[in-house]
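Source file: input-v3.tsv (TSV, C-alpha atoms and all ligand atoms)
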```tsv
chain	number	residue	atom	x	y	z
A	1	MET	CA	159.14	118.60	135.37
A	2	THR	CA	156.25	119.63	133.20
A	3	GLN	CA	152.78	119.70	134.65
A	4	ASN	CA	150.28	118.54	132.09
A	5	LEU	CA	146.95	119.67	133.48
A	6	ALA	CA	144.98	118.27	130.57
A	7	LYS	CA	143.91	115.41	132.85
A	8	HIS	CA	141.54	117.88	134.51
A	9	PHE	CA	139.77	118.37	131.23
A	10	GLN	CA	138.47	115.08	129.88
A	11	GLY	CA	136.34	115.73	126.81
A	12	PRO	CA	135.59	118.92	124.94
A	13	ILE	CA	134.57	122.14	126.66
A	14	SER	CA	130.94	122.55	125.67
A	15	ASN	CA	130.66	126.36	125.47
A	16	VAL	CA	132.12	128.55	122.77
A	17	PHE	CA	132.61	132.02	124.17
A	18	ASP	CA	132.30	135.12	122.02
A	19	VAL	CA	133.79	137.37	124.68
A	20	VAL	CA	136.05	136.88	127.67
A	21	HIS	CA	136.66	139.68	130.16
A	22	ALA	CA	140.21	140.40	131.33
A	23	PHE	CA	140.60	142.29	134.60
A	24	TRP	CA	143.98	143.92	135.19
A	25	ILE	CA	144.80	144.45	138.86
A	26	ALA	CA	147.96	146.26	139.93
A	27	GLY	CA	149.68	145.74	143.26
A	28	GLY	CA	153.17	146.97	144.09
A	29	SER	CA	154.28	147.70	140.55
A	30	CYS	CA	155.98	150.22	138.31
A	31	ASP	CA	153.46	149.72	135.43
A	32	GLY	CA	156.29	148.30	133.33
A	33	CYS	CA	154.32	145.11	132.69
A	34	SER	CA	151.41	147.15	131.31
A	35	ILE	CA	153.83	148.91	128.99
A	36	ALA	CA	155.36	145.59	127.92
A	37	THR	CA	151.89	144.23	127.18
A	38	VAL	CA	150.78	147.11	125.00
A	39	GLY	CA	154.09	146.79	123.12
A	40	ALA	CA	153.37	143.18	122.18
A	41	THR	CA	153.04	142.47	118.47
A	42	ASN	CA	152.50	138.75	118.11
A	43	PRO	CA	149.69	138.75	119.01
A	44	SER	CA	149.08	142.38	119.80
A	45	VAL	CA	146.63	143.74	122.37
A	46	GLU	CA	144.61	145.03	119.41
A	47	ASN	CA	144.39	141.45	118.04
A	48	LEU	CA	143.00	140.30	121.39
A	49	LEU	CA	140.56	143.21	121.77
A	50	ASN	CA	139.26	142.95	118.21
A	51	GLY	CA	138.98	139.17	118.32
A	52	THR	CA	141.08	138.72	115.18
A	53	ILE	CA	142.69	135.46	116.35
A	54	PRO	CA	140.63	132.78	114.61
A	55	GLY	CA	138.63	130.82	117.16
A	56	ALA	CA	139.62	132.93	120.15
A	57	ALA	CA	137.06	134.99	122.04
A	58	LYS	CA	137.17	138.76	121.84
A	59	VAL	CA	138.72	140.24	124.98
A	60	ILE	CA	136.99	142.99	126.94
A	61	LEU	CA	139.81	144.59	128.88
A	62	HIS	CA	139.29	146.34	132.20
A	63	HIS	CA	142.59	148.13	132.83
A	64	PRO	CA	142.83	151.03	135.30
A	65	VAL	CA	145.24	152.99	133.12
A	66	LEU	CA	143.89	152.17	129.67
A	67	ALA	CA	140.17	152.43	130.47
A	68	VAL	CA	138.12	155.21	128.93
A	69	ASN	CA	135.51	155.08	131.68
A	70	ALA	CA	136.15	155.91	135.32
A	71	GLY	CA	134.68	155.83	138.81
A	72	GLU	CA	131.88	153.44	139.66
A	73	GLU	CA	131.18	152.76	135.99
A	74	PHE	CA	134.69	151.30	135.72
A	75	ILE	CA	134.54	149.42	139.03
A	76	LYS	CA	131.11	147.84	138.54
A	77	PRO	CA	132.29	144.85	136.41
A	78	PHE	CA	134.99	144.15	139.02
A	79	ARG	CA	132.29	143.98	141.70
A	80	LEU	CA	130.15	141.63	139.58
A	81	ALA	CA	133.11	139.38	138.82
A	82	ALA	CA	134.10	139.23	142.49
A	83	LYS	CA	130.57	138.04	143.31
A	84	GLY	CA	130.50	135.55	140.43
A	85	GLU	CA	127.70	137.52	138.77
A	86	LEU	CA	129.44	138.84	135.65
A	87	GLY	CA	127.61	136.42	133.36
A	88	ALA	CA	130.66	135.81	131.18
A	89	PRO	CA	133.99	134.06	131.69
A	90	PHE	CA	136.90	136.18	132.82
A	91	VAL	CA	140.60	136.02	133.57
A	92	VAL	CA	142.43	138.03	136.21
A	93	LEU	CA	145.76	139.54	135.22
A	94	CYS	CA	147.88	140.63	138.17
A	95	GLU	CA	150.74	143.09	137.85
A	96	GLY	CA	152.98	143.92	140.81
A	97	SER	CA	153.64	142.26	144.12
A	98	ILE	CA	151.01	141.59	146.75
A	99	MET	CA	151.77	143.84	149.68
A	100	ASP	CA	150.71	143.09	153.25
A	101	GLU	CA	147.61	145.24	153.66
A	102	GLY	CA	147.18	144.07	157.26
A	103	MET	CA	150.47	145.79	158.02
A	104	ALA	CA	149.35	148.98	156.27
A	105	ALA	CA	145.98	148.91	158.06
A	106	GLU	CA	147.76	149.01	161.45
A	107	THR	CA	148.63	152.61	160.73
A	108	GLY	CA	145.31	153.36	159.05
A	109	GLY	CA	146.65	153.30	155.51
A	110	TYR	CA	146.84	151.00	152.51
A	111	TRP	CA	149.52	150.05	149.99
A	112	SER	CA	147.64	149.65	146.73
A	113	GLY	CA	143.96	149.60	145.84
A	114	LEU	CA	141.28	150.03	143.25
A	115	GLY	CA	137.92	151.70	143.85
A	116	ALA	CA	136.39	152.37	147.23
A	117	ASP	CA	133.73	151.07	149.60
A	118	GLU	CA	132.07	153.12	152.28
A	119	ASP	CA	133.05	152.42	155.86
A	120	GLU	CA	130.63	152.46	158.81
A	121	ASN	CA	130.76	156.29	158.84
A	122	GLY	CA	129.94	156.51	155.16
A	123	ASP	CA	133.49	157.55	154.27
A	124	PRO	CA	135.08	156.01	151.18
A	125	GLN	CA	137.85	153.51	151.93
A	126	PRO	CA	140.11	152.12	149.19
A	127	ILE	CA	139.61	148.46	148.29
A	128	PRO	CA	143.05	146.82	148.41
A	129	SER	CA	144.30	145.11	145.25
A	130	SER	CA	144.94	141.92	147.22
A	131	SER	CA	141.27	141.82	148.24
A	132	TRP	CA	140.20	142.02	144.59
A	133	VAL	CA	142.60	139.22	143.63
A	134	THR	CA	141.39	136.95	146.45
A	135	ARG	CA	137.69	137.49	145.75
A	136	MET	CA	137.85	137.42	141.96
A	137	SER	CA	140.17	134.42	141.81
A	138	GLU	CA	137.34	132.19	143.10
A	139	HIS	CA	135.32	132.71	139.92
A	140	ALA	CA	138.09	133.37	137.37
A	141	ALA	CA	138.76	130.99	134.50
A	142	ALA	CA	142.44	131.70	135.11
A	143	VAL	CA	144.59	133.91	137.31
A	144	ILE	CA	147.66	135.03	135.40
A	145	ALA	CA	150.49	136.73	137.28
A	146	VAL	CA	152.32	139.07	134.89
A	147	GLY	CA	155.89	140.09	135.66
A	148	THR	CA	158.35	139.07	138.34
A	149	CYS	CA	156.73	141.13	141.13
A	150	ALA	CA	153.43	139.28	140.66
A	151	THR	CA	154.96	135.87	139.93
A	152	TRP	CA	157.59	135.69	142.67
A	153	GLY	CA	157.53	138.97	144.64
A	154	GLY	CA	160.28	140.69	142.66
A	155	ILE	CA	162.01	143.86	143.74
A	156	PRO	CA	159.37	144.87	146.34
A	157	ALA	CA	159.96	141.48	148.02
A	158	ALA	CA	163.76	141.75	148.12
A	159	ALA	CA	165.43	141.15	151.49
A	160	ASN	CA	164.28	143.51	154.26
A	161	ASN	CA	161.21	144.56	152.26
A	162	PRO	CA	159.18	146.93	154.42
A	163	THR	CA	155.79	146.04	152.91
A	164	ASN	CA	156.06	142.26	153.48
A	165	SER	CA	155.51	141.92	149.74
A	166	ALA	CA	155.04	138.50	148.19
A	167	SER	CA	153.66	136.88	145.04
A	168	VAL	CA	150.15	136.05	143.84
A	169	MET	CA	151.05	132.38	144.42
A	170	ASP	CA	151.94	133.23	148.03
A	171	LEU	CA	148.60	135.02	148.44
A	172	LEU	CA	146.38	132.30	146.95
A	173	GLY	CA	148.36	129.30	148.19
A	174	GLU	CA	149.29	125.98	146.64
A	175	ASP	CA	145.75	124.59	146.86
A	176	TYR	CA	144.26	127.39	144.75
A	177	ARG	CA	142.58	126.31	141.54
A	178	SER	CA	140.67	128.57	139.17
A	179	ALA	CA	137.21	127.76	137.84
A	180	LEU	CA	139.01	125.84	135.08
A	181	GLY	CA	141.10	123.94	137.62
A	182	LEU	CA	144.31	125.88	137.03
A	183	PRO	CA	146.81	126.97	139.66
A	184	VAL	CA	148.21	130.48	139.19
A	185	VAL	CA	149.84	130.89	135.76
A	186	ASN	CA	153.15	132.77	135.99
A	187	ILE	CA	154.75	134.88	133.25
A	188	PRO	CA	157.88	136.30	134.85
A	189	GLY	CA	160.22	139.06	133.68
A	190	CYS	CA	161.05	142.55	134.83
A	191	ALA	CA	159.33	143.53	132.62
A	192	PRO	CA	158.28	140.37	130.78
A	193	GLN	CA	158.62	140.10	127.04
A	194	GLY	CA	155.24	141.44	125.84
A	195	ASP	CA	154.52	138.64	123.38
A	196	ASN	CA	155.04	136.09	126.18
A	197	ILE	CA	152.06	137.72	127.92
A	198	THR	CA	149.70	138.05	124.96
A	199	GLU	CA	150.61	134.64	123.54
A	200	THR	CA	149.80	132.94	126.85
A	201	ILE	CA	146.49	134.80	127.07
A	202	ALA	CA	145.69	133.76	123.48
A	203	ALA	CA	146.55	130.14	124.29
A	204	VAL	CA	144.17	130.19	127.27
A	205	LEU	CA	141.44	131.78	125.10
A	206	LEU	CA	141.80	129.07	122.45
A	207	PHE	CA	141.68	126.42	125.15
A	208	LEU	CA	138.54	128.02	126.60
A	209	ASN	CA	136.83	127.63	123.25
A	210	GLY	CA	137.99	124.03	122.90
A	211	LEU	CA	140.19	124.81	119.89
A	212	ALA	CA	143.56	124.03	121.43
A	213	PRO	CA	144.89	121.78	124.17
A	214	LEU	CA	145.71	123.31	127.50
A	215	PRO	CA	149.26	124.62	127.17
A	216	GLU	CA	151.93	122.93	129.28
A	217	PHE	CA	153.25	124.67	132.36
A	218	ASP	CA	156.30	123.80	134.44
A	219	GLU	CA	156.25	123.11	138.17
A	220	LEU	CA	156.28	126.87	138.87
A	221	GLY	CA	153.39	127.58	136.53
A	222	ARG	CA	155.52	129.08	133.77
A	223	PRO	CA	154.44	128.36	130.17
A	224	SER	CA	156.90	125.57	129.37
A	225	TRP	CA	157.36	126.47	125.73
A	226	LEU	CA	158.55	129.94	126.72
A	227	PHE	CA	160.69	129.23	129.77
A	228	ASP	CA	162.16	125.73	129.31
A	229	GLU	CA	165.48	126.90	127.95
A	230	THR	CA	168.20	129.09	129.41
A	231	VAL	CA	168.86	132.50	127.95
A	232	HIS	CA	172.41	131.28	127.21
A	233	ARG	CA	171.17	128.59	124.80
A	234	GLY	CA	169.49	131.20	122.62
A	235	CYS	CA	172.09	133.92	123.01
A	236	THR	CA	173.60	135.62	119.99
A	237	ARG	CA	176.91	135.65	121.92
A	238	ALA	CA	176.93	131.92	122.76
A	239	GLY	CA	179.42	131.27	119.95
A	240	PHE	CA	181.91	133.56	121.65
A	241	TYR	CA	181.45	131.65	124.89
A	242	GLU	CA	182.03	128.35	123.14
A	243	GLU	CA	185.21	129.68	121.52
A	244	GLY	CA	186.43	131.07	124.84
A	245	THR	CA	186.41	134.79	124.05
A	246	PHE	CA	184.92	137.12	126.64
A	247	ALA	CA	184.07	140.81	126.92
A	248	GLU	CA	186.28	142.72	129.31
A	249	GLU	CA	184.12	145.80	129.45
A	250	HIS	CA	180.64	146.97	128.49
A	251	GLY	CA	180.42	147.64	124.77
A	252	ASP	CA	182.65	144.70	123.80
A	253	LYS	CA	181.06	142.30	121.32
A	254	GLU	CA	182.00	139.00	123.01
A	255	CYS	CA	180.25	136.89	125.64
A	256	LEU	CA	179.37	138.92	128.74
A	257	VAL	CA	179.79	136.17	131.34
A	258	GLU	CA	182.92	137.66	132.89
A	259	ILE	CA	181.24	141.01	133.40
A	260	GLY	CA	178.33	139.53	135.27
A	261	CYS	CA	176.06	137.60	132.90
A	262	TRP	CA	174.02	134.88	134.62
A	263	GLY	CA	172.50	133.65	131.31
A	264	PRO	CA	173.73	130.04	131.57
A	265	VAL	CA	171.48	129.43	134.61
A	266	VAL	CA	168.53	131.71	133.83
A	267	GLN	CA	165.29	130.58	132.14
A	268	CYS	CA	164.32	133.30	129.68
A	269	ASN	CA	163.62	133.52	125.95
A	270	ILE	CA	164.29	137.20	125.30
A	271	ASN	CA	167.31	136.64	123.08
A	272	LYS	CA	165.31	134.40	120.78
A	273	ARG	CA	162.21	136.57	120.75
A	274	GLY	CA	163.64	140.08	121.08
A	275	ALA	CA	162.35	142.72	123.46
A	276	LEU	CA	159.90	144.35	121.11
A	277	ASN	CA	158.73	143.24	117.69
A	278	HIS	CA	161.72	140.89	117.36
A	279	ALA	CA	164.26	143.65	118.01
A	280	GLY	CA	166.47	144.16	121.05
A	281	GLY	CA	166.78	141.77	123.97
A	282	CYS	CA	169.36	142.02	126.73
A	283	MET	CA	172.54	140.51	125.27
A	284	ASN	CA	171.59	141.70	121.78
A	285	VAL	CA	171.99	145.25	123.06
A	286	GLY	CA	174.99	144.58	125.31
A	287	ALA	CA	173.41	143.93	128.71
A	288	PRO	CA	174.53	141.00	130.88
A	289	CYS	CA	171.64	138.92	132.25
A	290	ILE	CA	170.78	139.76	135.86
A	291	GLY	CA	168.21	136.97	136.17
A	292	CYS	CA	165.07	139.11	136.21
A	293	THR	CA	162.76	136.21	135.30
A	294	MET	CA	163.86	134.04	138.23
A	295	PRO	CA	162.28	133.62	141.67
A	296	GLY	CA	165.64	134.50	143.27
A	297	PHE	CA	165.74	137.91	141.58
A	298	PRO	CA	167.09	140.34	142.67
A	299	ASP	CA	168.92	139.09	145.79
A	300	SER	CA	170.31	135.82	144.36
A	301	PHE	CA	171.91	137.69	141.46
A	302	ALA	CA	173.51	140.45	143.54
A	303	PRO	CA	175.86	142.18	143.24
A	304	PHE	CA	174.90	142.89	139.64
A	305	TYR	CA	177.63	143.01	136.99
A	306	LYS	CA	180.09	140.99	139.07
A	307	THR	CA	181.47	137.70	137.71
A	308	ALA	CA	179.43	134.81	139.10
A	309	PRO	CA	181.51	132.21	141.00
A	310	GLY	CA	180.51	129.35	138.63
A	311	THR	CA	182.06	131.28	135.78
A	312	MET	CA	185.55	130.66	137.13
A	313	VAL	CA	185.23	127.00	136.15
A	314	SER	CA	183.09	127.18	133.01
A	315	SER	CA	184.60	130.14	131.21
A	316	ASN	CA	188.15	129.01	131.94
A	317	ILE	CA	187.42	125.58	130.48
A	318	SER	CA	185.93	127.30	127.41
A	319	ARG	CA	188.99	129.50	127.19
A	320	VAL	CA	191.28	126.46	126.96
A	321	THR	CA	189.19	124.33	124.59
A	322	GLY	CA	187.96	127.36	122.67
A	323	THR	CA	191.46	128.58	121.84
A	324	VAL	CA	192.28	125.32	120.05
A	325	ILE	CA	188.91	125.06	118.31
A	326	ARG	CA	188.88	128.72	117.28
A	327	ASN	CA	192.28	128.47	115.59
A	328	LEU	CA	191.30	125.33	113.72
A	329	ARG	CA	188.08	126.96	112.57
A	330	GLU	CA	189.88	130.07	111.40
A	331	MET	CA	192.12	127.92	109.25
A	332	THR	CA	189.16	126.10	107.70
A	333	MET	CA	187.39	129.41	107.18
A	334	ALA	CA	190.40	130.77	105.26
A	335	PHE	CA	190.13	127.88	102.79
A	336	GLN	CA	186.33	128.28	102.54
A	337	ASN	CA	186.93	131.90	101.53
A	338	ARG	CA	188.54	130.78	98.25
A	339	THR	CA	187.02	129.71	94.93
A	340	PRO	CA	188.24	126.57	93.08
A	341	LYS	CA	189.75	128.91	90.43
A	342	TRP	CA	191.78	130.82	93.03
A	343	ASN	CA	192.98	127.56	94.51
A	344	LYS	CA	194.14	126.41	91.08
A	345	GLU	CA	195.91	129.69	90.32
A	346	GLY	CA	197.34	130.01	93.85
A	347	LYS	CA	196.25	133.63	94.07
A	348	VAL	CA	193.24	135.69	95.17
A	349	PRO	CA	192.68	138.58	92.72
A	350	SER	CA	191.23	141.03	95.26
A	351	GLY	CA	191.88	144.73	94.97
A	352	TRP	CA	190.75	145.23	98.56
A	353	GLY	CA	193.73	143.70	100.23
A	354	HIS	CA	196.42	141.04	99.99
A	355	VAL	CA	195.15	137.55	100.82
A	356	LYS	CA	198.02	135.49	102.12
A	357	GLU	CA	198.51	132.07	100.55
A	358	PRO	CA	198.36	129.15	103.00
A	359	ASN	CA	201.71	127.64	103.94
A	360	LEU	CA	202.61	123.98	103.43
A	361	VAL	CA	201.52	122.88	106.90
A	362	LYS	CA	198.10	124.44	106.44
A	363	LYS	CA	197.78	122.93	102.97
A	364	VAL	CA	198.57	119.46	104.32
A	365	MET	CA	196.09	119.90	107.16
A	366	HIS	CA	193.40	121.07	104.77
A	367	TYR	CA	194.17	118.20	102.38
A	368	THR	CA	193.56	115.77	105.27
A	369	TYR	CA	190.39	117.69	106.23
A	370	GLU	CA	189.02	117.36	102.70
A	371	LYS	CA	189.91	113.66	102.56
A	372	MET	CA	187.67	113.19	105.60
A	373	GLN	CA	184.98	115.50	104.21
A	374	PHE	CA	184.70	113.55	100.95
A	375	SER	CA	185.48	110.10	102.34
A	376	ASP	CA	182.11	108.70	101.29
A	377	SER	CA	181.09	111.05	98.49
A	378	PRO	CA	182.83	112.49	95.43
A	379	LYS	CA	184.46	115.87	95.70
A	380	PRO	CA	182.79	118.33	93.30
A	381	GLY	CA	184.75	118.34	90.01
A	382	SER	CA	186.53	115.02	90.67
A	383	LYS	CA	186.54	112.32	87.94
A	384	LYS	CA	185.29	109.56	90.28
B	1	LIG	S1	176.40	136.77	127.12
B	1	LIG	FE1	175.50	135.54	128.79
B	1	LIG	S2	173.87	134.37	127.83
B	1	LIG	FE2	175.17	135.18	126.20
B	1	LIG	S3	176.65	133.55	125.77
B	1	LIG	FE3	177.57	134.89	127.29
B	1	LIG	S4	177.01	133.93	129.26
B	1	LIG	FE4	175.66	133.10	127.74
B	2	LIG	S1	168.11	138.02	129.73
B	2	LIG	FE1	168.16	138.06	131.96
B	2	LIG	S2	167.97	140.23	132.53
B	2	LIG	FE2	167.33	140.02	130.38
B	2	LIG	S3	165.09	139.71	130.43
B	2	LIG	FE3	166.01	137.68	130.44
B	2	LIG	S4	166.22	137.14	132.61
B	2	LIG	FE4	165.88	139.37	132.50
```
Please rewrite the model in this file as structure tokens.
Ligand code: SF4
Ligand code: SF4
Amino acid sequence: MTQNLAKHFQGPISNVFDVVHAFWIAGGSCDGCSIATVGATNPSVENLLNGTIPGAAKVILHHPVLAVNAGEEFIKPFRLAAKGELGAPFVVLCEGSIMDEGMAAETGGYWSGLGADEDENGDPQPIPSSSWVTRMSEHAAAVIAVGTCATWGGIPAAANNPTNSASVMDLLGEDYRSALGLPVVNIPGCAPQGDNITETIAAVLLFLNGLAPLPEFDELGRPSWLFDETVHRGCTRAGFYEEGTFAEEHGDKECLVEIGCWGPVVQCNINKRGALNHAGGCMNVGAPCIGCTMPGFPDSFAPFYKTAPGTMVSSNISRVTGTVIRNLREMTMAFQNRTPKWNKEGKVPSGWGHVKEPNLVKKVMHYTYEKMQFSDSPKPGSKK
């Protein structure tokens, strides 16, 4: 089901913003989502920072790793935003899972934080990332969870997780709405495709300036246009699946379903979009899908690289139907590899190898095929 939130926004948004601040807050993460973001090309981070997308506000990024300032100078805008005193619209971008800081505090520690406040003794104490997210989310135009740890909990939230990790959605709850009326926007992936991140940010920026409708999100807050389809539907190996030919080991060119690909049930667009600048992507480089964009990842897809039970039915059906279809196609392809002249002369004049002439059965079958092909239109070269 697609959630169309446009009903919250009757009429045009009156302000046109020149700048929008973007605050990047990391929880339990590996920084892979930051790396994926800076690798984006369409649009790139530079496009967002320089304001080169027509109509979209220029982004002022506050990122703990990419910032050129440090200390209190870096933290000050976070403090203002958390109090609703920034004086400009902002979005919060969360990377990494939200770890249970109450649990860490029991032993006097913390899991992840940014900046410090003084305690009653005047000693600096780290400000937990989850505290920033909670306080800033009240005033944010949008809270965007980036990557599977932030969207669903991810690897830190796998079974028996010792930090009680969970997602941004779990932290803010189902009733949360941003200043624009949006629930948490989720861009999953471990790491996500970089363009999925920057494109969603750009779409929100255009919406903020009243130049585009609010994008559609599904019932889990994923941008619908990016996550509606399964990875299988856009896979470069889907033709092998359909014809019932399957890889037996890593490095084979065929469909990877029998060596553990979950693509038919996983919502992800990486095969269509590529990993980076339209190159790469899991199956394109030989990797079976392990479902990294899905809320059930990683536990529901374990053990990795083992044939999923559903495959026993689906790939075996494809094997049976595909064998028949593949042979018929190969026969048609052999005829399509010939010119009218070669057909007339009954010989292919190739110096590269001997091309076998079709036997009588194949010729009869192809004659019937062509009769059907040209049943309601003249065959090229015919007198009719
Ligand atoms: S490799 Fe995976 S996604 Fe690609 S066709 Fe096979 S099952 Fe589908
Ligand atoms: S194809 Fe599967 S493993 Fe690869 S990015 Fe998409 S969901 Fe993750």
Please determine an axis-aligned box that encloses all atoms of ligand LIG 2 (chain B) listed in the file, with 5 Å added on each side, and express its centre and edge lengths in Å to one decimal as AutoDock Vina command-line options.
```
--center_x 166.6 --center_y 138.7 --center_z 131.2 --size_x 13.1 --size_y 13.1 --size_z 12.9
```
Determine the nearest neighbour of Thr307 of chain A from the options A:Glu258, A:Gly291, A:Ala70, A:Pro264, counting all atoms listed in the file. A:Glu258
Can you pull out every residue with an atom within 6 Å of ligand LIG 2 (chain B)? Use all atoms listed in the file and format it as a ChimeraX atom specification. /A:189,231,268,270,282,289-293
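Using only C-alpha atoms and all ligand atoms, the shortest contact distance between ligand LIG 1 (chain B) and any of A:Ala166, A:Cys255, A:Ile197, A:Leu86 is found at A:Cys255.
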Separation of atom CA of Pro188 of chain A from atom CA of Asn69 of chain A, in Å and rounded to one decimal: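 Interatomic distance here is 29.4 Å.
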Please output segment 272-290 of chain A, rebuilt to include N, CA and C atoms, as a PDB file, keeping the file's coordinate frame.
```
ATOM      1  N   LYS A 272     165.902 135.025 121.964  1.00  0.00           N
ATOM      2  CA  LYS A 272     165.310 134.400 120.780  1.00  0.00           C
ATOM      3  C   LYS A 272     164.174 135.260 120.235  1.00  0.00           C
ATOM      4  N   ARG A 273     163.443 135.884 121.162  1.00  0.00           N
ATOM      5  CA  ARG A 273     162.210 136.570 120.750  1.00  0.00           C
ATOM      6  C   ARG A 273     162.413 138.061 120.538  1.00  0.00           C
ATOM      7  N   GLY A 274     163.454 138.626 121.141  1.00  0.00           N
ATOM      8  CA  GLY A 274     163.640 140.080 121.080  1.00  0.00           C
ATOM      9  C   GLY A 274     162.771 140.765 122.106  1.00  0.00           C
ATOM     10  N   ALA A 275     163.113 142.004 122.439  1.00  0.00           N
ATOM     11  CA  ALA A 275     162.350 142.720 123.460  1.00  0.00           C
ATOM     12  C   ALA A 275     161.034 143.239 122.900  1.00  0.00           C
ATOM     13  N   LEU A 276     161.075 143.720 121.693  1.00  0.00           N
ATOM     14  CA  LEU A 276     159.900 144.350 121.110  1.00  0.00           C
ATOM     15  C   LEU A 276     159.912 144.116 119.607  1.00  0.00           C
ATOM     16  N   ASN A 277     158.848 143.467 119.133  1.00  0.00           N
ATOM     17  CA  ASN A 277     158.730 143.240 117.690  1.00  0.00           C
ATOM     18  C   ASN A 277     160.004 142.629 117.093  1.00  0.00           C
ATOM     19  N   HIS A 278     160.549 141.657 117.796  1.00  0.00           N
ATOM     20  CA  HIS A 278     161.720 140.890 117.360  1.00  0.00           C
ATOM     21  C   HIS A 278     163.010 141.717 117.312  1.00  0.00           C
ATOM     22  N   ALA A 279     163.018 142.863 117.933  1.00  0.00           N
ATOM     23  CA  ALA A 279     164.260 143.650 118.010  1.00  0.00           C
ATOM     24  C   ALA A 279     164.685 143.766 119.473  1.00  0.00           C
ATOM     25  N   GLY A 280     165.967 143.964 119.682  1.00  0.00           N
ATOM     26  CA  GLY A 280     166.470 144.160 121.050  1.00  0.00           C
ATOM     27  C   GLY A 280     166.561 142.848 121.804  1.00  0.00           C
ATOM     28  N   GLY A 281     166.523 142.938 123.114  1.00  0.00           N
ATOM     29  CA  GLY A 281     166.780 141.770 123.970  1.00  0.00           C
ATOM     30  C   GLY A 281     168.128 141.979 124.633  1.00  0.00           C
ATOM     31  N   CYS A 282     168.238 141.572 125.888  1.00  0.00           N
ATOM     32  CA  CYS A 282     169.360 142.020 126.730  1.00  0.00           C
ATOM     33  C   CYS A 282     170.737 141.893 126.074  1.00  0.00           C
ATOM     34  N   MET A 283     171.168 140.659 125.804  1.00  0.00           N
ATOM     35  CA  MET A 283     172.540 140.510 125.270  1.00  0.00           C
ATOM     36  C   MET A 283     172.675 141.096 123.864  1.00  0.00           C
ATOM     37  N   ASN A 284     171.543 141.114 123.132  1.00  0.00           N
ATOM     38  CA  ASN A 284     171.590 141.700 121.780  1.00  0.00           C
ATOM     39  C   ASN A 284     171.970 143.178 121.839  1.00  0.00           C
ATOM     40  N   VAL A 285     171.664 143.825 122.952  1.00  0.00           N
ATOM     41  CA  VAL A 285     171.990 145.250 123.060  1.00  0.00           C
ATOM     42  C   VAL A 285     173.105 145.489 124.092  1.00  0.00           C
ATOM     43  N   GLY A 286     173.790 144.415 124.494  1.00  0.00           N
ATOM     44  CA  GLY A 286     174.990 144.580 125.310  1.00  0.00           C
ATOM     45  C   GLY A 286     174.809 144.464 126.810  1.00  0.00           C
ATOM     46  N   ALA A 287     173.631 143.997 127.261  1.00  0.00           N
ATOM     47  CA  ALA A 287     173.410 143.930 128.710  1.00  0.00           C
ATOM     48  C   ALA A 287     173.584 142.516 129.243  1.00  0.00           C
ATOM     49  N   PRO A 288     174.439 142.324 130.255  1.00  0.00           N
ATOM     50  CA  PRO A 288     174.530 141.000 130.880  1.00  0.00           C
ATOM     51  C   PRO A 288     173.211 140.648 131.561  1.00  0.00           C
ATOM     52  N   CYS A 289     172.890 139.358 131.615  1.00  0.00           N
ATOM     53  CA  CYS A 289     171.640 138.920 132.250  1.00  0.00           C
ATOM     54  C   CYS A 289     171.772 139.020 133.772  1.00  0.00           C
ATOM     55  N   ILE A 290     170.794 139.664 134.395  1.00  0.00           N
ATOM     56  CA  ILE A 290     170.780 139.760 135.860  1.00  0.00           C
ATOM     57  C   ILE A 290     169.653 138.905 136.457  1.00  0.00           C
TER      58      ILE A 290
END
```
